[in-house]
$ cat run03.cif   # mmCIF, C-alpha atoms
data_structure
#
loop_
_atom_site.label_atom_id
_atom_site.label_comp_id
_atom_site.auth_asym_id
_atom_site.auth_seq_id
_atom_site.Cartn_x
_atom_site.Cartn_y
_atom_site.Cartn_z
CA MET A 95 93.22 76.27 98.79
CA LYS A 96 93.54 78.65 101.70
CA PHE A 97 93.87 82.42 101.53
CA ALA A 98 95.37 84.37 104.44
CA ILE A 99 93.97 87.89 104.58
CA ILE A 100 96.15 90.19 106.65
CA GLU A 101 94.37 92.71 108.84
CA PHE A 102 96.18 95.86 109.89
CA PRO A 103 94.53 98.44 112.11
CA GLY A 104 92.71 100.51 109.49
CA SER A 105 92.35 97.81 106.83
CA ASN A 106 88.83 98.08 105.44
CA CYS A 107 88.76 95.81 102.39
CA ASP A 108 89.65 92.71 104.39
CA HIS A 109 86.05 91.50 104.39
CA ASP A 110 85.71 92.16 100.66
CA ALA A 111 88.72 89.91 100.03
CA TYR A 112 87.37 87.30 102.44
CA HIS A 113 83.95 87.34 100.77
CA ALA A 114 85.43 87.02 97.29
CA ALA A 115 87.76 84.16 98.27
CA LYS A 116 85.32 82.23 100.44
CA HIS A 117 81.82 82.91 99.15
CA VAL A 118 82.42 83.70 95.49
CA LEU A 119 85.28 81.31 94.74
CA GLY A 120 84.39 78.74 97.41
CA GLN A 121 87.93 78.57 98.78
CA GLN A 122 89.10 78.61 102.39
CA ALA A 123 89.96 82.00 103.81
CA ALA A 124 91.17 83.19 107.20
CA PHE A 125 91.98 86.57 108.67
CA VAL A 126 95.47 87.00 110.11
CA TRP A 127 95.93 89.84 112.61
CA HIS A 128 98.98 91.97 111.92
CA LYS A 129 100.50 91.18 115.32
CA ASP A 130 100.39 87.44 114.67
CA ALA A 131 103.47 85.58 113.62
CA GLY A 132 102.79 82.92 111.02
CA LEU A 133 100.20 82.70 108.27
CA GLY A 134 98.21 79.68 109.43
CA GLY A 135 99.41 77.40 106.65
CA ALA A 136 97.95 79.57 103.88
CA ASP A 137 98.66 78.92 100.19
CA ALA A 138 98.34 82.58 99.21
CA VAL A 139 98.47 85.89 101.08
CA VAL A 140 96.30 88.95 100.49
CA LEU A 141 97.29 92.36 101.84
CA PRO A 142 93.96 94.13 101.54
CA GLY A 143 93.02 97.73 100.89
CA GLY A 144 92.23 100.34 103.47
CA PHE A 145 94.03 102.93 105.54
CA SER A 146 96.49 101.03 107.70
CA TYR A 147 97.57 103.20 110.63
CA GLY A 148 95.38 105.98 109.27
CA ASP A 149 97.85 106.52 106.41
CA TYR A 150 99.98 108.39 108.98
CA LEU A 151 103.45 109.43 107.81
CA ARG A 152 103.10 107.78 104.39
CA THR A 153 100.63 105.17 103.16
CA GLY A 154 101.84 101.74 104.28
CA ALA A 155 104.92 103.15 106.02
CA ILE A 156 104.04 101.94 109.51
CA ALA A 157 102.23 98.72 108.58
CA ARG A 158 105.39 97.40 106.95
CA PHE A 159 106.90 97.06 110.44
CA SER A 160 104.02 94.93 111.75
CA PRO A 161 105.20 91.54 113.09
CA VAL A 162 103.23 89.63 110.44
CA MET A 163 105.29 91.25 107.68
CA GLU A 164 108.26 89.09 108.66
CA SER A 165 106.13 86.02 107.90
CA VAL A 166 104.93 87.58 104.66
CA ARG A 167 108.54 88.26 103.68
CA GLU A 168 109.55 84.65 104.39
CA PHE A 169 106.49 83.32 102.56
CA ALA A 170 107.34 85.49 99.55
CA ALA A 171 111.01 84.49 99.66
CA GLY A 172 109.91 80.85 99.50
CA GLY A 173 107.98 81.57 96.30
CA GLY A 174 104.51 81.82 97.88
CA PRO A 175 101.98 83.97 96.01
CA VAL A 176 101.38 87.36 97.68
CA ILE A 177 99.03 90.06 96.39
CA GLY A 178 98.78 93.60 97.74
CA ILE A 179 95.65 95.46 96.72
CA CYS A 180 95.54 99.26 97.00
CA ASN A 181 96.84 99.93 100.54
CA GLY A 182 98.32 96.43 100.43
CA PHE A 183 100.30 97.50 97.34
CA GLN A 184 101.47 100.58 99.25
CA VAL A 185 102.61 98.33 102.13
CA LEU A 186 104.54 96.01 99.77
CA LEU A 187 106.34 99.01 98.23
CA GLU A 188 107.25 100.44 101.62
CA ALA A 189 108.43 96.99 102.69
CA GLY A 190 110.70 96.80 99.66
CA LEU A 191 109.00 93.62 98.44
CA LEU A 192 108.10 95.59 95.31
CA GLU A 193 109.97 98.50 93.74
CA GLY A 194 108.85 102.11 93.41
CA ALA A 195 106.49 104.31 95.39
CA LEU A 196 102.98 105.71 95.19
CA LEU A 197 102.44 109.47 95.25
CA CYS A 198 99.36 111.66 95.58
CA ASN A 199 97.09 111.44 92.55
CA ARG A 200 98.08 114.09 90.04
CA ARG A 201 94.94 116.18 90.57
CA LEU A 202 94.98 115.50 94.33
CA LYS A 203 91.46 114.10 94.23
CA PHE A 204 90.51 110.90 96.00
CA LEU A 205 89.39 108.76 93.07
CA CYS A 206 86.52 106.33 93.55
CA GLN A 207 85.41 105.00 90.17
CA HIS A 208 85.60 102.09 87.76
CA VAL A 209 88.63 102.12 85.47
CA HIS A 210 89.94 99.87 82.74
CA VAL A 211 93.22 98.05 83.10
CA ARG A 212 95.02 95.94 80.53
CA VAL A 213 96.67 92.67 81.46
CA GLU A 214 100.29 93.07 80.30
CA GLN A 215 101.75 89.77 81.51
CA THR A 216 100.18 86.41 82.18
CA ASP A 217 103.11 84.54 83.72
CA THR A 218 102.34 85.49 87.32
CA PRO A 219 100.20 83.54 89.79
CA PHE A 220 97.61 86.34 89.70
CA THR A 221 97.26 86.73 85.94
CA GLY A 222 97.76 83.19 84.67
CA ALA A 223 94.08 82.66 83.85
CA ALA A 224 93.79 85.98 81.98
CA GLN A 225 94.46 86.64 78.31
CA LEU A 226 97.36 88.84 77.28
CA GLY A 227 95.93 92.28 76.51
CA GLN A 228 92.62 91.48 78.18
CA VAL A 229 90.89 94.65 79.39
CA LEU A 230 89.38 94.42 82.88
CA SER A 231 86.87 96.82 84.40
CA LEU A 232 87.90 97.26 88.04
CA PRO A 233 87.14 99.86 90.70
CA ILE A 234 89.77 102.13 92.21
CA ALA A 235 89.44 104.03 95.49
CA HIS A 236 92.60 105.89 96.45
CA GLY A 237 94.20 109.24 97.08
CA GLU A 238 97.80 108.09 96.70
CA GLY A 239 97.96 105.87 93.66
CA SER A 240 100.26 107.64 91.26
CA TYR A 241 103.02 105.12 90.61
CA HIS A 242 106.53 106.52 90.60
CA ALA A 243 109.96 104.96 90.19
CA PRO A 244 113.36 106.38 89.25
CA PRO A 245 114.05 106.05 85.49
CA GLU A 246 116.53 103.18 85.94
CA THR A 247 114.01 101.25 88.07
CA LEU A 248 111.22 101.72 85.54
CA GLU A 249 113.57 100.66 82.76
CA ALA A 250 114.42 97.47 84.66
CA LEU A 251 110.75 96.77 85.39
CA GLU A 252 109.91 97.09 81.70
CA ALA A 253 112.91 95.00 80.61
CA ASN A 254 111.97 92.23 83.05
CA ARG A 255 108.27 92.44 82.07
CA GLN A 256 107.28 93.30 85.65
CA VAL A 257 104.56 95.77 84.71
CA ILE A 258 101.55 93.47 84.71
CA PHE A 259 98.60 95.89 84.65
CA ARG A 260 98.30 99.29 82.93
CA TYR A 261 95.45 101.80 82.99
CA CYS A 262 93.84 101.92 79.56
CA SER A 263 90.72 102.95 77.68
CA GLU A 264 87.77 100.60 77.30
CA GLU A 265 89.33 99.46 74.02
CA GLY A 266 92.73 98.90 75.61
CA GLY A 267 94.46 102.08 74.38
CA LEU A 268 97.04 103.80 76.52
CA GLN A 269 96.00 107.45 76.09
CA ASP A 270 96.75 109.83 78.97
CA ALA A 271 93.04 110.45 79.58
CA ALA A 272 92.69 106.79 80.58
CA ASN A 273 95.36 107.17 83.28
CA PRO A 274 93.32 108.29 86.29
CA ASN A 275 96.06 109.24 88.73
CA GLY A 276 99.09 110.16 86.61
CA SER A 277 100.97 106.92 87.17
CA LEU A 278 104.28 106.69 85.37
CA ALA A 279 103.93 104.58 82.19
CA ALA A 280 100.26 104.08 83.19
CA VAL A 281 101.38 101.47 85.72
CA ALA A 282 98.44 100.02 87.65
CA GLY A 283 100.20 96.92 88.94
CA ILE A 284 103.63 95.30 89.04
CA CYS A 285 105.31 92.12 90.23
CA ASN A 286 108.70 91.34 91.76
CA PRO A 287 111.52 89.85 89.62
CA GLU A 288 110.54 86.34 90.83
CA ARG A 289 106.94 87.16 89.74
CA ASN A 290 105.21 85.70 92.85
CA VAL A 291 104.62 89.04 94.60
CA VAL A 292 102.07 91.28 92.89
CA GLY A 293 100.73 94.70 93.82
CA LEU A 294 98.02 96.77 92.16
CA MET A 295 95.92 99.82 92.96
CA PRO A 296 92.58 98.62 91.46
CA HIS A 297 90.39 96.29 93.51
CA PRO A 298 89.78 92.92 91.79
CA GLU A 299 88.15 91.57 94.97
CA ARG A 300 85.41 94.18 94.68
CA ALA A 301 84.62 93.17 91.12
CA CYS A 302 83.81 89.47 91.44
CA GLU A 303 80.02 89.58 91.10
CA SER A 304 77.82 91.17 88.46
CA ALA A 305 75.71 92.78 91.21
CA LEU A 306 78.79 94.90 91.99
CA GLY A 307 79.08 96.20 88.45
CA SER A 308 81.81 93.89 87.18
CA GLU A 309 82.98 90.32 87.47
CA ASP A 310 86.29 91.06 85.78
CA GLY A 311 88.26 90.85 89.02
CA ARG A 312 87.49 87.15 89.42
CA VAL A 313 90.20 86.21 86.94
CA VAL A 314 92.85 87.56 89.33
CA LEU A 315 91.73 85.35 92.19
CA GLU A 316 90.91 82.41 89.91
CA SER A 317 94.45 82.65 88.56
CA VAL A 318 95.97 82.06 91.97
CA VAL A 319 93.57 79.20 92.71
CA ALA A 320 94.75 77.55 89.48
CA ALA A 321 98.40 78.37 90.21
CA VAL A 322 98.23 76.77 93.66
CA ALA A 323 96.43 73.69 92.29
CA ALA A 324 99.03 73.26 89.52
CA MET B 225 118.99 116.36 122.72
CA LYS B 226 116.65 118.25 120.40
CA THR B 227 116.86 117.39 116.73
CA ARG B 228 114.86 118.38 113.68
CA VAL B 229 114.33 116.42 110.48
CA PHE B 230 113.19 118.04 107.23
CA VAL B 231 111.86 115.60 104.65
CA SER B 232 111.18 116.74 101.11
CA LEU B 233 110.31 115.12 97.82
CA LYS B 234 113.32 114.70 95.55
CA ALA B 235 113.60 117.31 92.82
CA SER B 236 112.81 114.66 90.20
CA VAL B 237 109.47 113.81 91.84
CA PHE B 238 106.37 115.81 90.88
CA ASP B 239 104.72 117.42 93.90
CA PRO B 240 101.05 118.05 93.11
CA GLN B 241 100.46 119.61 96.53
CA GLY B 242 103.24 122.15 96.05
CA ARG B 243 101.90 122.83 92.55
CA THR B 244 98.41 123.51 93.90
CA ILE B 245 99.79 125.84 96.58
CA VAL B 246 101.87 127.86 94.12
CA GLU B 247 98.89 128.19 91.79
CA ALA B 248 96.77 129.41 94.73
CA LEU B 249 99.42 131.96 95.68
CA GLN B 250 99.67 133.20 92.13
CA SER B 251 95.90 133.57 91.92
CA MET B 252 96.09 135.57 95.19
CA GLY B 253 98.33 138.02 93.40
CA TYR B 254 101.73 136.73 94.53
CA GLY B 255 103.03 136.52 91.01
CA SER B 256 106.63 136.56 92.17
CA VAL B 257 106.23 133.20 93.94
CA SER B 258 107.60 130.88 91.28
CA ASP B 259 107.61 127.49 93.03
CA VAL B 260 106.58 125.72 96.23
CA ARG B 261 107.60 122.24 97.33
CA GLN B 262 105.71 120.78 100.27
CA GLY B 263 107.58 118.62 102.76
CA LYS B 264 107.44 117.31 106.31
CA TYR B 265 109.07 118.55 109.49
CA PHE B 266 109.76 116.40 112.57
CA GLU B 267 110.98 117.42 116.02
CA VAL B 268 112.75 114.39 117.45
CA ASP B 269 114.01 114.35 121.04
CA VAL B 270 116.67 111.74 121.74
CA ASP B 271 118.61 110.68 124.84
CA THR B 272 122.19 110.52 123.62
CA GLU B 273 125.52 111.61 125.06
CA SER B 274 126.69 113.68 122.12
CA ALA B 275 125.39 115.64 119.15
CA ASP B 276 127.21 113.23 116.83
CA GLU B 277 125.40 110.28 118.36
CA ALA B 278 122.10 112.14 118.07
CA ARG B 279 122.76 112.92 114.40
CA SER B 280 123.68 109.34 113.64
CA LEU B 281 120.62 107.94 115.46
CA VAL B 282 118.20 110.37 113.83
CA SER B 283 119.70 109.74 110.40
CA GLU B 284 119.16 106.03 110.95
CA VAL B 285 115.47 106.44 111.87
CA SER B 286 115.03 108.82 108.94
CA ASP B 287 116.43 106.20 106.56
CA LYS B 288 114.24 103.48 108.07
CA LEU B 289 110.98 105.28 108.70
CA LEU B 290 110.69 109.06 108.44
CA ALA B 291 111.66 109.27 104.77
CA ASN B 292 111.13 106.95 101.82
CA PRO B 293 114.46 107.01 99.95
CA VAL B 294 112.71 106.16 96.66
CA ILE B 295 110.98 109.54 96.55
CA GLU B 296 112.28 111.66 99.41
CA SER B 297 115.47 113.14 100.81
CA TYR B 298 115.99 114.56 104.29
CA ARG B 299 118.17 116.88 106.30
CA VAL B 300 118.91 116.59 110.04
CA GLU B 301 119.62 119.48 112.41
CA VAL B 302 120.91 118.90 115.95
CA ASP B 303 121.08 121.48 118.74
CA GLU B 304 124.75 121.62 119.75
#
$ encode --input "run03.cif" --output "structure tokens"
Amino acid sequence: MKFAIIEFPGSNCDHDAYHAAKHVLGQQAAFVWHKDAGLGGADAVVLPGGFSYGDYLRTGAIARFSPVMESVREFAAGGGPVIGICNGFQVLLEAGLLEGALLCNRRLKFLCQHVHVRVEQTDTPFTGAAQLGQVLSLPIAHGEGSYHAPPETLEALEANRQVIFRYCSEEGGLQDAANPNGSLAAVAGICNPERNVVGLMPHPERACESALGSEDGRVVLESVVAAVAA
Amino acid sequence: MKTRVFVSLKASVFDPQGRTIVEALQSMGYGSVSDVRQGKYFEVDVDTESADEARSLVSEVSDKLLANPVIESYRVEVDE
């Protein structure tokens, strides 16, 4: 299968995603510049992490107006799998492809560490190969990762089972101490109602090889490879 | 036409930056400062015929770009 990895000015995890897709998983991968129209016939789209447009105004606020986002929107509307990682998640929220917003971390610190997240739903293209309740060790690296949504939005997300990753302890518990940034309901990742668009703050693409401290992120990318092949 | 846009986090949204500032002020001895909310301020110059047009244009760009309606509200001022 072929991954399209979108590059905005300021993206800096684009090569991590490319490496994971191409060299670790042995799939095709291509960079798509944000000013391009079209996704080069990709089967899945990755909006990578980084600091698009220097995080000016709000994280992801300017990138969402890049020409390529029209193609991403059409691809998503047609059911194509789209994943936004970290800044990519922020872009998807600003674009309205996912619901809610990301605020400054509760203690205002830029957090760069491994965290544990629990897989809450497995019926998405990015979690299909995982086990329900599986605890993944994934790195985070963000200053604005505290998930927020109005109460009625959060209620709808929970009712529709759109919260697909939550921060947890190593054992999978949901204590507050395991929530690094103060995210509402410990939300680390969500999907859209159609379940093909996924966003998360942790970086699965940086946790695909044991040399990097964890291979737990592979299951996210392997899930989409399996979903596309199915 | 000179306009100004004030963007602030909605009251229901926790503002850790404002919280940190108010704690700093209190530790500086300003015990009577009870709350601070941090926001953003934009000076937007527009070429329009009337103040009404300016207000409507600047409100539109605030809705689309300057503010995120999920977490923020805004107020527009136009020089008459």
$ closest_residue --input "run03.cif" --among "A:Thr247, A:Thr216, A:Asn275, A:Ser165" --to "Phe259 in chain A" --atoms "only C-alpha atoms"
A:Thr216
$ closest_atom_pairs --input "run03.cif" --of "chain A" --to "chain B" --cutoff "9 Å" --atoms "only C-alpha atoms" --output "Markdown table"
| residue | atom | partner | partner_atom | distance |
| --- | --- | --- | --- | --- |
| A:Leu151 | CA | B:Leu290 | CA | 7.3 |
| A:Arg152 | CA | B:Asn292 | CA | 8.5 |
| A:Ala155 | CA | B:Leu289 | CA | 7.0 |
| A:Ile156 | CA | B:Leu289 | CA | 7.7 |
| A:Glu188 | CA | B:Asn292 | CA | 7.6 |
| A:Glu193 | CA | B:Val294 | CA | 8.6 |
| A:Gly194 | CA | B:Val294 | CA | 6.5 |
| A:Ala195 | CA | B:Val294 | CA | 6.6 |
| A:Leu196 | CA | B:Ile295 | CA | 9.0 |
| A:Leu197 | CA | B:Asp239 | CA | 8.4 |
| A:Cys198 | CA | B:Pro240 | CA | 7.1 |
| A:Asn199 | CA | B:Pro240 | CA | 7.7 |
| A:Arg200 | CA | B:Pro240 | CA | 5.8 |
| A:Arg201 | CA | B:Pro240 | CA | 6.9 |
| A:Leu202 | CA | B:Pro240 | CA | 6.7 |
| A:His242 | CA | B:Val237 | CA | 8.0 |
| A:Ala243 | CA | B:Val294 | CA | 7.1 |
| A:Pro244 | CA | B:Val294 | CA | 7.4 |
$ closest_residue --input "run03.cif" --among "A:Glu214, A:Gly135, A:Gln121, A:Ser146" --to "Ala320 in chain A" --atoms "only C-alpha atoms"
A:Gln121
$ residues_around --input "run03.cif" --residues "Cys285 in chain A" --least-positions-apart "3" --cutoff "8 Å" --atoms "all atoms listed in the file" --output "ChimeraX atom specification"
/A:192,218,256-258,288-293
$ write_last_selection --input "run03.cif" --atoms "C-alpha atoms" --output "PDB file, in the coordinates of the input"
ATOM      1  CA  LEU A 192     108.100  95.590  95.310  1.00  0.00           C
ATOM      2  CA  THR A 218     102.340  85.490  87.320  1.00  0.00           C
ATOM      3  CA  GLN A 256     107.280  93.300  85.650  1.00  0.00           C
ATOM      4  CA  VAL A 257     104.560  95.770  84.710  1.00  0.00           C
ATOM      5  CA  ILE A 258     101.550  93.470  84.710  1.00  0.00           C
ATOM      6  CA  GLU A 288     110.540  86.340  90.830  1.00  0.00           C
ATOM      7  CA  ARG A 289     106.940  87.160  89.740  1.00  0.00           C
ATOM      8  CA  ASN A 290     105.210  85.700  92.850  1.00  0.00           C
ATOM      9  CA  VAL A 291     104.620  89.040  94.600  1.00  0.00           C
ATOM     10  CA  VAL A 292     102.070  91.280  92.890  1.00  0.00           C
ATOM     11  CA  GLY A 293     100.730  94.700  93.820  1.00  0.00           C
TER      12      GLY A 293
END
$ residues_near_point --input "run03.cif" --point "(95.0, 104.6, 109.5)" --cutoff "10 Å" --atoms "only C-alpha atoms" --output "ChimeraX atom specification"
/A:102-106,144-151,153-154,156-157
$ resolve_selection --input "run03.cif" --expression "the PyMOL selection byres ((chain A and resi 111) around 9)" --output "number ranges by chain"
A: 99, 107-110, 112-116, 123, 140, 142-143, 298-300
$ residues_around --input "run03.cif" --residues "range 278-281 of chain B" --least-positions-apart "2" --cutoff "8 Å" --atoms "all atoms listed in the file" --output "list in words"
Met225, Thr227, Val270, Asp271, Thr272, Glu273, Ser274, Ala275, Asp276, Ser283, Glu284, Val285, Val300, Glu301 and Val302 of chain B
$ atom_distance --input "run03.cif" --atom1 "CA of Ile284 in chain A" --atom2 "CA of Phe159 in chain A"
21.7 Å
$ residues_near_point --input "run03.cif" --point "(90.1, 105.0, 92.2)" --cutoff "10 Å" --atoms "all atoms listed in the file" --output "list in words"
Cys180, Asn199, Lys203, Phe204, Leu205, Cys206, Gln207, His208, Val209, Leu232, Pro233, Ile234, Ala235, His236, Gly237, Glu238, Gly239, Pro274, Asn275, Met295, Pro296 and His297 of chain A
$ closest_residue --input "run03.cif" --among "A:Asn254, A:Leu119, A:Ala282, A:Leu294" --to "Asn181 in chain A" --atoms "all atoms listed in the file"
A:Leu294
$ resolve_selection --input "run03.cif" --expression "the PyMOL selection byres ((chain A and resi 131) around 12)" --output "VMD selection string"
chain A and resid 100 126 to 130 132 to 135 160 to 169
$ axis_aligned_box --input "run03.cif" --around "range 209-212 of chain A" --padding-each-side "8 Å" --output "JSON"
{"center_x": 91.8, "center_y": 99.0, "center_z": 83.0, "size_x": 22.4, "size_y": 22.2, "size_z": 20.9}
$ resolve_selection --input "run03.cif" --expression "the PyMOL selection byres ((chain B and resi 263) around 9)" --output "count of residues only"
9
$ atom_distance --input "run03.cif" --atom1 "CA of Ser317 in chain A" --atom2 "CA of Pro219 in chain A"
5.9 Å
$ closest_residue --input "run03.cif" --among "A:Arg158, A:Ser231, A:Gly173, A:Lys96" --to "Ala189 in chain A" --atoms "all atoms listed in the file"
A:Arg158
